[in-house]
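Chemist: Okay, so here is coords13.cif, and as you'll see once you scroll down, it has mmCIF, N, CA and C atoms.
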```
data_my_file
loop_
_atom_site.label_atom_id
_atom_site.label_comp_id
_atom_site.auth_asym_id
_atom_site.auth_seq_id
_atom_site.Cartn_x
_atom_site.Cartn_y
_atom_site.Cartn_z
N ILE A 1 5.96 -56.14 -3.51
CA ILE A 1 4.73 -56.54 -4.18
C ILE A 1 4.27 -57.85 -3.55
N LEU A 2 3.04 -57.86 -3.10
CA LEU A 2 2.45 -59.07 -2.52
C LEU A 2 1.73 -59.85 -3.61
N ILE A 3 1.81 -61.15 -3.51
CA ILE A 3 1.22 -62.03 -4.52
C ILE A 3 -0.01 -62.70 -3.94
N HIS A 4 -1.14 -62.51 -4.62
CA HIS A 4 -2.41 -63.12 -4.23
C HIS A 4 -2.80 -64.15 -5.29
N PRO A 5 -3.77 -65.00 -5.00
CA PRO A 5 -4.23 -65.97 -6.01
C PRO A 5 -4.80 -65.27 -7.25
N ASP A 6 -4.88 -66.00 -8.33
CA ASP A 6 -5.50 -65.55 -9.58
C ASP A 6 -4.82 -64.33 -10.20
N ASN A 7 -3.50 -64.31 -10.20
CA ASN A 7 -2.71 -63.24 -10.83
C ASN A 7 -2.95 -61.86 -10.24
N LYS A 8 -3.43 -61.80 -9.02
CA LYS A 8 -3.66 -60.51 -8.36
C LYS A 8 -2.41 -60.11 -7.57
N LEU A 9 -1.99 -58.87 -7.73
CA LEU A 9 -0.83 -58.33 -7.03
C LEU A 9 -1.24 -57.12 -6.22
N GLN A 10 -0.47 -56.82 -5.20
CA GLN A 10 -0.74 -55.68 -4.32
C GLN A 10 0.58 -54.97 -4.01
N ILE A 11 0.56 -53.64 -4.12
CA ILE A 11 1.71 -52.86 -3.68
C ILE A 11 1.31 -52.04 -2.47
N LEU A 12 2.23 -51.87 -1.56
CA LEU A 12 2.07 -51.00 -0.40
C LEU A 12 3.14 -49.93 -0.51
N CYS A 13 2.74 -48.67 -0.38
CA CYS A 13 3.67 -47.55 -0.58
C CYS A 13 3.54 -46.54 0.54
N ARG A 14 4.62 -45.83 0.79
CA ARG A 14 4.55 -44.73 1.73
C ARG A 14 3.86 -43.55 1.06
N SER A 15 3.35 -42.66 1.89
CA SER A 15 2.67 -41.47 1.38
C SER A 15 2.93 -40.32 2.34
N LYS A 16 2.47 -39.17 1.99
CA LYS A 16 2.59 -38.00 2.88
C LYS A 16 1.30 -37.78 3.66
N ASN A 17 0.46 -38.82 3.73
CA ASN A 17 -0.84 -38.73 4.41
C ASN A 17 -0.83 -39.34 5.80
N GLY A 18 0.33 -39.78 6.31
CA GLY A 18 0.39 -40.39 7.63
C GLY A 18 -0.02 -41.85 7.67
N VAL A 19 -0.32 -42.42 6.50
CA VAL A 19 -0.69 -43.84 6.40
C VAL A 19 -0.05 -44.42 5.14
N LEU A 20 0.05 -45.75 5.11
CA LEU A 20 0.47 -46.42 3.88
C LEU A 20 -0.67 -46.39 2.88
N VAL A 21 -0.32 -46.38 1.60
CA VAL A 21 -1.32 -46.49 0.54
C VAL A 21 -1.05 -47.79 -0.21
N GLN A 22 -2.08 -48.23 -0.95
CA GLN A 22 -1.97 -49.50 -1.66
C GLN A 22 -2.64 -49.41 -3.01
N ALA A 23 -2.25 -50.29 -3.90
CA ALA A 23 -2.91 -50.44 -5.20
C ALA A 23 -2.89 -51.92 -5.55
N PHE A 24 -3.83 -52.31 -6.41
CA PHE A 24 -3.96 -53.71 -6.81
C PHE A 24 -3.91 -53.83 -8.32
N SER A 25 -3.39 -54.96 -8.77
CA SER A 25 -3.41 -55.33 -10.17
C SER A 25 -4.16 -56.65 -10.28
N GLU A 26 -5.06 -56.72 -11.23
CA GLU A 26 -5.83 -57.96 -11.46
C GLU A 26 -5.27 -58.76 -12.63
N ASP A 27 -4.22 -58.22 -13.30
CA ASP A 27 -3.69 -58.87 -14.50
C ASP A 27 -2.17 -59.10 -14.42
N ASN A 28 -1.74 -59.53 -13.24
CA ASN A 28 -0.34 -59.87 -13.02
C ASN A 28 0.61 -58.69 -13.23
N GLY A 29 0.12 -57.48 -12.96
CA GLY A 29 0.97 -56.30 -13.00
C GLY A 29 0.97 -55.51 -14.29
N ASN A 30 0.19 -55.92 -15.28
CA ASN A 30 0.14 -55.15 -16.52
C ASN A 30 -0.51 -53.79 -16.32
N THR A 31 -1.56 -53.74 -15.51
CA THR A 31 -2.21 -52.47 -15.18
C THR A 31 -2.47 -52.46 -13.68
N TRP A 32 -2.60 -51.25 -13.13
CA TRP A 32 -2.81 -51.08 -11.70
C TRP A 32 -3.99 -50.17 -11.44
N GLY A 33 -4.73 -50.48 -10.38
CA GLY A 33 -5.82 -49.61 -9.94
C GLY A 33 -5.25 -48.40 -9.21
N PRO A 34 -6.13 -47.53 -8.75
CA PRO A 34 -5.68 -46.31 -8.06
C PRO A 34 -5.10 -46.61 -6.68
N LEU A 35 -4.25 -45.73 -6.21
CA LEU A 35 -3.75 -45.83 -4.84
C LEU A 35 -4.86 -45.45 -3.88
N THR A 36 -5.03 -46.25 -2.84
CA THR A 36 -6.02 -45.96 -1.80
C THR A 36 -5.35 -46.05 -0.44
N LYS A 37 -5.87 -45.31 0.52
CA LYS A 37 -5.32 -45.30 1.87
C LYS A 37 -5.60 -46.63 2.57
N THR A 38 -4.64 -47.06 3.40
CA THR A 38 -4.85 -48.21 4.28
C THR A 38 -5.10 -47.68 5.69
N ASP A 39 -5.30 -48.59 6.62
CA ASP A 39 -5.44 -48.23 8.03
C ASP A 39 -4.09 -48.26 8.76
N LEU A 40 -3.01 -48.49 8.03
CA LEU A 40 -1.69 -48.64 8.63
C LEU A 40 -0.99 -47.29 8.76
N PRO A 41 -0.76 -46.81 9.99
CA PRO A 41 -0.05 -45.55 10.16
C PRO A 41 1.39 -45.67 9.66
N ASN A 42 1.93 -44.56 9.13
CA ASN A 42 3.30 -44.56 8.63
C ASN A 42 3.75 -43.12 8.43
N PRO A 43 4.98 -42.80 8.86
CA PRO A 43 5.48 -41.43 8.78
C PRO A 43 6.16 -41.11 7.45
N SER A 44 5.62 -41.59 6.35
CA SER A 44 6.22 -41.42 5.03
C SER A 44 7.62 -42.03 4.99
N SER A 45 7.72 -43.23 5.56
CA SER A 45 9.00 -43.93 5.58
C SER A 45 8.90 -45.21 4.75
N GLY A 46 10.05 -45.69 4.32
CA GLY A 46 10.09 -46.89 3.50
C GLY A 46 9.60 -48.12 4.25
N THR A 47 9.04 -49.05 3.50
CA THR A 47 8.55 -50.31 4.05
C THR A 47 9.04 -51.44 3.14
N ASP A 48 8.83 -52.66 3.57
CA ASP A 48 9.02 -53.79 2.68
C ASP A 48 8.04 -54.87 3.10
N ALA A 49 7.63 -55.65 2.12
CA ALA A 49 6.66 -56.72 2.37
C ALA A 49 6.99 -57.90 1.47
N VAL A 50 6.56 -59.08 1.92
CA VAL A 50 6.81 -60.29 1.15
C VAL A 50 5.64 -61.25 1.37
N THR A 51 5.35 -62.03 0.35
CA THR A 51 4.38 -63.12 0.49
C THR A 51 5.17 -64.39 0.80
N LEU A 52 4.80 -65.04 1.89
CA LEU A 52 5.50 -66.24 2.33
C LEU A 52 5.05 -67.46 1.53
N LYS A 53 5.80 -68.53 1.67
CA LYS A 53 5.48 -69.78 0.97
C LYS A 53 4.10 -70.31 1.33
N ASN A 54 3.65 -70.02 2.56
CA ASN A 54 2.33 -70.50 3.00
C ASN A 54 1.20 -69.56 2.60
N GLY A 55 1.51 -68.48 1.86
CA GLY A 55 0.49 -67.55 1.39
C GLY A 55 0.25 -66.36 2.31
N MET A 56 0.79 -66.41 3.53
CA MET A 56 0.67 -65.27 4.43
C MET A 56 1.55 -64.13 3.93
N HIS A 57 1.19 -62.91 4.32
CA HIS A 57 1.96 -61.73 3.93
C HIS A 57 2.62 -61.15 5.17
N VAL A 58 3.84 -60.67 5.01
CA VAL A 58 4.60 -60.05 6.09
C VAL A 58 4.98 -58.64 5.65
N LEU A 59 4.79 -57.69 6.56
CA LEU A 59 5.10 -56.28 6.31
C LEU A 59 6.01 -55.79 7.42
N VAL A 60 7.08 -55.08 7.06
CA VAL A 60 7.95 -54.42 8.04
C VAL A 60 7.79 -52.92 7.82
N TYR A 61 7.43 -52.20 8.89
CA TYR A 61 7.11 -50.77 8.73
C TYR A 61 7.22 -50.03 10.05
N ASN A 62 7.29 -48.71 9.96
CA ASN A 62 7.23 -47.84 11.14
C ASN A 62 5.75 -47.59 11.41
N PRO A 63 5.20 -48.11 12.52
CA PRO A 63 3.75 -48.10 12.75
C PRO A 63 3.21 -46.85 13.44
N ILE A 64 3.81 -45.71 13.15
CA ILE A 64 3.38 -44.46 13.77
C ILE A 64 3.33 -43.39 12.68
N ALA A 65 2.52 -42.37 12.89
CA ALA A 65 2.34 -41.33 11.88
C ALA A 65 3.51 -40.35 11.84
N ARG A 66 4.26 -40.24 12.94
CA ARG A 66 5.41 -39.33 12.98
C ARG A 66 6.58 -40.03 13.65
N GLY A 67 7.76 -39.85 13.11
CA GLY A 67 8.96 -40.44 13.69
C GLY A 67 9.24 -41.83 13.15
N ARG A 68 10.47 -42.26 13.35
CA ARG A 68 10.89 -43.59 12.90
C ARG A 68 11.54 -44.37 14.04
N ASN A 69 11.09 -44.08 15.26
CA ASN A 69 11.69 -44.70 16.43
C ASN A 69 11.03 -46.03 16.82
N LYS A 70 10.07 -46.46 16.04
CA LYS A 70 9.42 -47.76 16.25
C LYS A 70 9.45 -48.51 14.91
N LEU A 71 9.66 -49.81 14.98
CA LEU A 71 9.66 -50.63 13.77
C LEU A 71 9.00 -51.96 14.11
N ASN A 72 7.96 -52.30 13.37
CA ASN A 72 7.18 -53.51 13.64
C ASN A 72 7.14 -54.44 12.44
N VAL A 73 6.80 -55.68 12.73
CA VAL A 73 6.48 -56.68 11.72
C VAL A 73 5.00 -56.99 11.87
N ALA A 74 4.26 -56.94 10.77
CA ALA A 74 2.84 -57.27 10.78
C ALA A 74 2.61 -58.43 9.82
N ILE A 75 1.55 -59.21 10.08
CA ILE A 75 1.19 -60.32 9.20
C ILE A 75 -0.27 -60.19 8.78
N SER A 76 -0.58 -60.78 7.62
CA SER A 76 -1.93 -60.71 7.09
C SER A 76 -2.20 -61.92 6.21
N LYS A 77 -3.45 -62.36 6.22
CA LYS A 77 -3.88 -63.41 5.30
C LYS A 77 -4.26 -62.82 3.95
N ASP A 78 -4.89 -61.63 3.98
CA ASP A 78 -5.46 -61.07 2.76
C ASP A 78 -4.80 -59.78 2.27
N GLY A 79 -3.82 -59.25 3.00
CA GLY A 79 -3.17 -58.01 2.62
C GLY A 79 -3.96 -56.77 2.99
N ILE A 80 -5.12 -56.95 3.59
CA ILE A 80 -5.98 -55.82 3.99
C ILE A 80 -5.98 -55.66 5.50
N LYS A 81 -6.30 -56.74 6.19
CA LYS A 81 -6.32 -56.72 7.66
C LYS A 81 -4.97 -57.21 8.17
N TRP A 82 -4.26 -56.33 8.88
CA TRP A 82 -2.92 -56.63 9.37
C TRP A 82 -2.92 -56.73 10.88
N SER A 83 -2.11 -57.65 11.40
CA SER A 83 -1.93 -57.81 12.85
C SER A 83 -0.44 -57.73 13.15
N ASP A 84 -0.09 -56.95 14.17
CA ASP A 84 1.31 -56.87 14.56
C ASP A 84 1.77 -58.22 15.09
N ALA A 85 2.91 -58.68 14.58
CA ALA A 85 3.45 -59.98 14.96
C ALA A 85 4.72 -59.86 15.79
N ALA A 86 5.46 -58.76 15.61
CA ALA A 86 6.71 -58.58 16.36
C ALA A 86 7.05 -57.10 16.42
N ILE A 87 7.65 -56.71 17.51
CA ILE A 87 8.18 -55.36 17.66
C ILE A 87 9.70 -55.48 17.53
N LEU A 88 10.25 -54.91 16.47
CA LEU A 88 11.69 -54.97 16.27
C LEU A 88 12.40 -53.87 17.05
N GLU A 89 11.81 -52.68 17.07
CA GLU A 89 12.39 -51.55 17.79
C GLU A 89 11.26 -50.73 18.39
N ASN A 90 11.48 -50.24 19.60
CA ASN A 90 10.52 -49.37 20.28
C ASN A 90 11.31 -48.47 21.23
N GLN A 91 11.82 -47.39 20.69
CA GLN A 91 12.70 -46.50 21.44
C GLN A 91 12.08 -45.11 21.56
N ASP A 92 12.51 -44.36 22.56
CA ASP A 92 12.08 -42.97 22.69
C ASP A 92 12.74 -42.11 21.63
N ARG A 93 13.96 -42.46 21.25
CA ARG A 93 14.70 -41.71 20.25
C ARG A 93 15.31 -42.69 19.26
N GLY A 94 15.88 -42.15 18.22
CA GLY A 94 16.53 -43.00 17.23
C GLY A 94 15.71 -43.12 15.97
N GLU A 95 16.33 -43.69 14.97
CA GLU A 95 15.67 -43.88 13.69
C GLU A 95 15.97 -45.27 13.16
N PHE A 96 14.91 -46.01 12.86
CA PHE A 96 15.01 -47.35 12.31
C PHE A 96 14.24 -47.31 10.99
N SER A 97 14.94 -47.49 9.88
CA SER A 97 14.28 -47.22 8.60
C SER A 97 14.84 -48.11 7.49
N TYR A 98 14.23 -47.98 6.33
CA TYR A 98 14.60 -48.68 5.11
C TYR A 98 14.71 -50.19 5.32
N PRO A 99 13.63 -50.82 5.79
CA PRO A 99 13.67 -52.27 6.01
C PRO A 99 13.66 -53.05 4.70
N ALA A 100 14.20 -54.25 4.79
CA ALA A 100 14.11 -55.23 3.71
C ALA A 100 13.76 -56.56 4.36
N VAL A 101 12.89 -57.33 3.71
CA VAL A 101 12.46 -58.61 4.28
C VAL A 101 12.43 -59.67 3.19
N ILE A 102 12.92 -60.87 3.53
CA ILE A 102 12.86 -62.03 2.64
C ILE A 102 12.53 -63.26 3.46
N GLN A 103 12.07 -64.30 2.77
CA GLN A 103 11.94 -65.61 3.40
C GLN A 103 12.99 -66.52 2.78
N ALA A 104 13.83 -67.11 3.61
CA ALA A 104 14.88 -68.01 3.14
C ALA A 104 14.31 -69.39 2.84
N LYS A 105 15.11 -70.22 2.20
CA LYS A 105 14.68 -71.58 1.85
C LYS A 105 14.25 -72.38 3.07
N ASP A 106 14.88 -72.11 4.23
CA ASP A 106 14.53 -72.85 5.45
C ASP A 106 13.26 -72.33 6.11
N GLY A 107 12.60 -71.33 5.49
CA GLY A 107 11.34 -70.80 6.00
C GLY A 107 11.51 -69.63 6.95
N LYS A 108 12.72 -69.38 7.41
CA LYS A 108 12.94 -68.27 8.33
C LYS A 108 12.85 -66.94 7.58
N ILE A 109 12.43 -65.93 8.32
CA ILE A 109 12.24 -64.60 7.75
C ILE A 109 13.42 -63.73 8.20
N HIS A 110 14.10 -63.15 7.24
CA HIS A 110 15.24 -62.29 7.52
C HIS A 110 14.84 -60.84 7.28
N VAL A 111 15.12 -60.00 8.26
CA VAL A 111 14.81 -58.57 8.17
C VAL A 111 16.10 -57.79 8.40
N THR A 112 16.37 -56.85 7.52
CA THR A 112 17.47 -55.90 7.73
C THR A 112 16.89 -54.50 7.70
N TYR A 113 17.54 -53.59 8.41
CA TYR A 113 17.11 -52.19 8.42
C TYR A 113 18.23 -51.32 8.94
N THR A 114 18.15 -50.03 8.64
CA THR A 114 19.19 -49.12 9.11
C THR A 114 18.88 -48.67 10.52
N TYR A 115 19.94 -48.47 11.26
CA TYR A 115 19.87 -47.98 12.64
C TYR A 115 20.56 -46.62 12.65
N ASN A 116 19.76 -45.56 12.83
CA ASN A 116 20.27 -44.19 12.82
C ASN A 116 21.06 -43.84 11.55
N ARG A 117 20.73 -44.49 10.45
CA ARG A 117 21.36 -44.26 9.14
C ARG A 117 22.87 -44.45 9.16
N ARG A 118 23.37 -45.15 10.17
CA ARG A 118 24.82 -45.38 10.28
C ARG A 118 25.16 -46.86 10.30
N ASN A 119 24.26 -47.66 10.80
CA ASN A 119 24.50 -49.10 10.94
C ASN A 119 23.34 -49.87 10.33
N ILE A 120 23.58 -51.15 10.11
CA ILE A 120 22.52 -52.03 9.61
C ILE A 120 22.32 -53.14 10.62
N LYS A 121 21.06 -53.37 10.96
CA LYS A 121 20.72 -54.48 11.87
C LYS A 121 20.11 -55.61 11.05
N HIS A 122 20.33 -56.83 11.52
CA HIS A 122 19.77 -58.03 10.88
C HIS A 122 19.09 -58.85 11.96
N THR A 123 17.85 -59.22 11.69
CA THR A 123 17.06 -60.03 12.62
C THR A 123 16.49 -61.22 11.86
N VAL A 124 16.47 -62.36 12.51
CA VAL A 124 15.88 -63.56 11.91
C VAL A 124 14.65 -63.94 12.73
N LEU A 125 13.53 -64.11 12.04
CA LEU A 125 12.27 -64.48 12.68
C LEU A 125 11.84 -65.85 12.18
N GLU A 126 11.16 -66.57 13.03
CA GLU A 126 10.64 -67.86 12.65
C GLU A 126 9.13 -67.81 12.79
N MET A 127 8.42 -68.16 11.73
CA MET A 127 6.96 -68.14 11.79
C MET A 127 6.47 -69.31 12.63
N VAL A 128 5.52 -69.01 13.50
CA VAL A 128 4.84 -70.05 14.24
C VAL A 128 3.42 -70.11 13.73
N LYS A 129 2.81 -71.25 13.84
CA LYS A 129 1.44 -71.40 13.35
C LYS A 129 0.53 -70.49 14.15
N THR A 130 -0.26 -69.71 13.44
CA THR A 130 -1.14 -68.74 14.09
C THR A 130 -2.46 -68.65 13.35
N GLU A 131 -3.46 -68.29 14.05
CA GLU A 131 -4.77 -68.05 13.45
C GLU A 131 -5.02 -66.56 13.45
N LEU A 132 -5.34 -66.01 12.30
CA LEU A 132 -5.66 -64.58 12.20
C LEU A 132 -7.15 -64.42 12.03
#
```
Before we go any further, please render this structure as C-alpha cells.
Modeler:
Amino acid sequence: ILIHPDNKLQILCRSKNGVLVQAFSEDNGNTWGPLTKTDLPNPSSGTDAVTLKNGMHVLVYNPIARGRNKLNVAISKDGIKWSDAAILENQDRGEFSYPAVIQAKDGKIHVTYTYNRRNIKHTVLEMVKTEL
C-alpha cells in the first residue's frame, strides 16, 4: 500500500489482464474505489511497493506481460507515472518472483525475491537524487 498526502492510499495488484491494476482510498483505507488498469505490464505475478521517507514510491515487479525472467525496480512521485530505476534480473530463462521491498532506517532499500522458487536473493539499493 502506497501512502499519499491527505490520507490517500493506493494499492497495486496483479491481474490476469497482462498489466497491474490499482485502487485508491480517500479515507485512509476505510473504503476503496474500483480497480483500474495501469500501464505497467505484468504476467499476473506478485509485486511489492513501498513509500519512501522522501515521499517517492518504489515498485518491484516483473515488467513483462508473460514470463517471470525479468525483474525491475521502478520509481514514481505520484504512483501513476513510473520510471524504471534498476534492472534486478534480465535472463532468457528462469523465474524471479514474489518480491518484498522495505526502506531501512539508514535510507537504503532492501529487496528480496525468489530465484527459481528454490533460493532467495537479497539486494540493497541506495537512492540517488533524481528528477522525474
Chemist: One number please: atom CA of A:Met56 to atom CA of A:Ile102, in Å, one decimal.
Modeler: 12.7 Å
Chemist: Name the residues that the PyMOL selection byres ((chain A and resi 17) around 8) picks from the file above, as a list of chain:residue names, using the file's chain letters and numbers.
Modeler: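 The output of the PyMOL selection byres ((chain A and resi 17) around 8) on this file is A:Arg14, A:Ser15, A:Lys16, A:Gly18, A:Val19, A:Leu20, A:Val21, A:Pro41, A:Asn42, A:Pro43, A:Ser44, A:Ala65.
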Chemist: Excluding A:Asn69 and residues on its chain fewer than 6 positions from it, collect all residues at most 6.5 Å away from it, counting all atoms listed in the file, and give them as a list in words.
Modeler: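 Using all atoms listed in the file, the neighbours found are Glu89, Asn90, Gln91, Asp92, Arg93, Gly94, Glu95 and Phe96 of chain A.
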Chemist: Just how far from atom CA of A:Arg117 is atom CA of A:Pro63, in Å to one decimal?
Modeler: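 If I compute the distance from atom CA of A:Pro63 to atom CA of A:Arg117, I get 18.4 Å.
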Chemist: Determine the residue membership of the PyMOL selection byres ((chain A and resi 1) around 8) for the file above and supply it as a list in words.
Modeler: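 After applying the PyMOL selection byres ((chain A and resi 1) around 8), what remains is Leu2, Ile3, His4, Leu9, Gln10, Ile11, Leu12, Asp48, Ala49, Val50 and Thr51 of chain A.
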Chemist: May I ask for the distance between atom CA of A:Gln22 and atom CA of A:Pro34, given in Å to one decimal place?
Modeler: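 Computed distance, atom CA of A:Gln22 to atom CA of A:Pro34, equals 8.1 Å.
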Chemist: Can you tell me, as a PyMOL selection string, what residues are no more than 8 Å from A:Thr47 when counting all atoms listed in the file, ignoring any on the same chain fewer than 4 positions away?
Modeler: chain A and resi 12-14+59-62+97-101
Chemist: As a check of understanding, name the residues that the PyMOL selection byres (((chain A and resi 53 and name CA) around 10) and name CA) selects in the supplied structure, as a VMD selection string.
Modeler: chain A and resid 50 to 52 54 to 57 103 to 105 107
Chemist: Excluding same-chain residues fewer than 4 positions from A:Gly33, what lies within 7 Å of it counting only C-alpha atoms, as an MDAnalysis selection string?
Modeler: chainID A and resid 23:25
Chemist: Quick one: pick out all strand (DSSP E or B) residues within chain A from a backbone DSSP run and write them as a ChimeraX atom specification.
Modeler: /A:2-4,8-13,19-25,36-41,48-51,57-61,70-76,83-90,96-103,109-115,119-125
Chemist: May I have the centre and edge lengths, in Å to one decimal, of an axis-aligned box around the listed atoms of stretch 44-49 of chain A with 6 Å added to every side, as lines of an AutoDock Vina configuration file?
Modeler:
```
center_x = 7.9
center_y = -49.7
center_z = 3.9
size_x = 16.5
size_y = 28.5
size_z = 16.9
```
Chemist: Please export stretch 60-88 of chain A as a compact mmCIF listing (two decimals), in the first residue's frame, restricted to N, CA and C atoms.
Modeler:
```txt
# COMPACT_ATOMS: atom_id res chain seq x y z
N VAL A 60 8.63 -3.04 -7.09
CA VAL A 60 9.43 -4.15 -7.62
C VAL A 60 8.45 -5.09 -8.32
N TYR A 61 8.71 -5.38 -9.60
CA TYR A 61 7.74 -6.14 -10.38
C TYR A 61 8.40 -6.79 -11.59
N ASN A 62 7.70 -7.76 -12.17
CA ASN A 62 8.11 -8.36 -13.44
C ASN A 62 7.51 -7.50 -14.55
N PRO A 63 8.33 -6.78 -15.32
CA PRO A 63 7.83 -5.76 -16.25
C PRO A 63 7.47 -6.28 -17.64
N ILE A 64 6.97 -7.50 -17.71
CA ILE A 64 6.61 -8.10 -18.99
C ILE A 64 5.25 -8.78 -18.83
N ALA A 65 4.53 -8.92 -19.93
CA ALA A 65 3.19 -9.50 -19.87
C ALA A 65 3.21 -11.02 -19.71
N ARG A 66 4.31 -11.66 -20.12
CA ARG A 66 4.41 -13.12 -19.99
C ARG A 66 5.80 -13.48 -19.46
N GLY A 67 5.85 -14.42 -18.56
CA GLY A 67 7.12 -14.88 -18.01
C GLY A 67 7.53 -14.09 -16.79
N ARG A 68 8.47 -14.66 -16.05
CA ARG A 68 8.99 -14.00 -14.84
C ARG A 68 10.51 -13.96 -14.87
N ASN A 69 11.06 -13.88 -16.07
CA ASN A 69 12.51 -13.90 -16.24
C ASN A 69 13.14 -12.51 -16.18
N LYS A 70 12.35 -11.50 -15.94
CA LYS A 70 12.85 -10.14 -15.76
C LYS A 70 12.25 -9.59 -14.46
N LEU A 71 13.04 -8.82 -13.74
CA LEU A 71 12.56 -8.21 -12.50
C LEU A 71 13.16 -6.82 -12.41
N ASN A 72 12.31 -5.82 -12.29
CA ASN A 72 12.75 -4.42 -12.27
C ASN A 72 12.31 -3.70 -11.01
N VAL A 73 12.98 -2.60 -10.76
CA VAL A 73 12.58 -1.64 -9.73
C VAL A 73 12.18 -0.37 -10.47
N ALA A 74 11.00 0.15 -10.15
CA ALA A 74 10.52 1.40 -10.74
C ALA A 74 10.28 2.41 -9.62
N ILE A 75 10.37 3.70 -9.97
CA ILE A 75 10.10 4.76 -9.00
C ILE A 75 9.06 5.72 -9.57
N SER A 76 8.36 6.39 -8.64
CA SER A 76 7.31 7.32 -9.04
C SER A 76 7.14 8.39 -7.98
N LYS A 77 6.79 9.58 -8.43
CA LYS A 77 6.44 10.65 -7.50
C LYS A 77 4.97 10.56 -7.09
N ASP A 78 4.12 10.16 -8.05
CA ASP A 78 2.68 10.21 -7.82
C ASP A 78 1.98 8.85 -7.79
N GLY A 79 2.71 7.75 -8.03
CA GLY A 79 2.11 6.43 -8.06
C GLY A 79 1.40 6.11 -9.36
N ILE A 80 1.40 7.05 -10.30
CA ILE A 80 0.74 6.85 -11.59
C ILE A 80 1.78 6.69 -12.70
N LYS A 81 2.68 7.65 -12.79
CA LYS A 81 3.73 7.61 -13.80
C LYS A 81 4.97 6.98 -13.18
N TRP A 82 5.39 5.84 -13.72
CA TRP A 82 6.51 5.08 -13.19
C TRP A 82 7.68 5.10 -14.16
N SER A 83 8.89 5.16 -13.61
CA SER A 83 10.11 5.10 -14.40
C SER A 83 10.98 3.98 -13.86
N ASP A 84 11.51 3.14 -14.76
CA ASP A 84 12.40 2.08 -14.31
C ASP A 84 13.67 2.69 -13.74
N ALA A 85 14.05 2.22 -12.55
CA ALA A 85 15.22 2.73 -11.86
C ALA A 85 16.35 1.72 -11.80
N ALA A 86 16.02 0.43 -11.84
CA ALA A 86 17.05 -0.61 -11.78
C ALA A 86 16.52 -1.89 -12.38
N ILE A 87 17.41 -2.62 -13.01
CA ILE A 87 17.09 -3.96 -13.50
C ILE A 87 17.75 -4.94 -12.55
N LEU A 88 16.94 -5.70 -11.83
CA LEU A 88 17.48 -6.68 -10.90
C LEU A 88 17.84 -7.98 -11.61
```
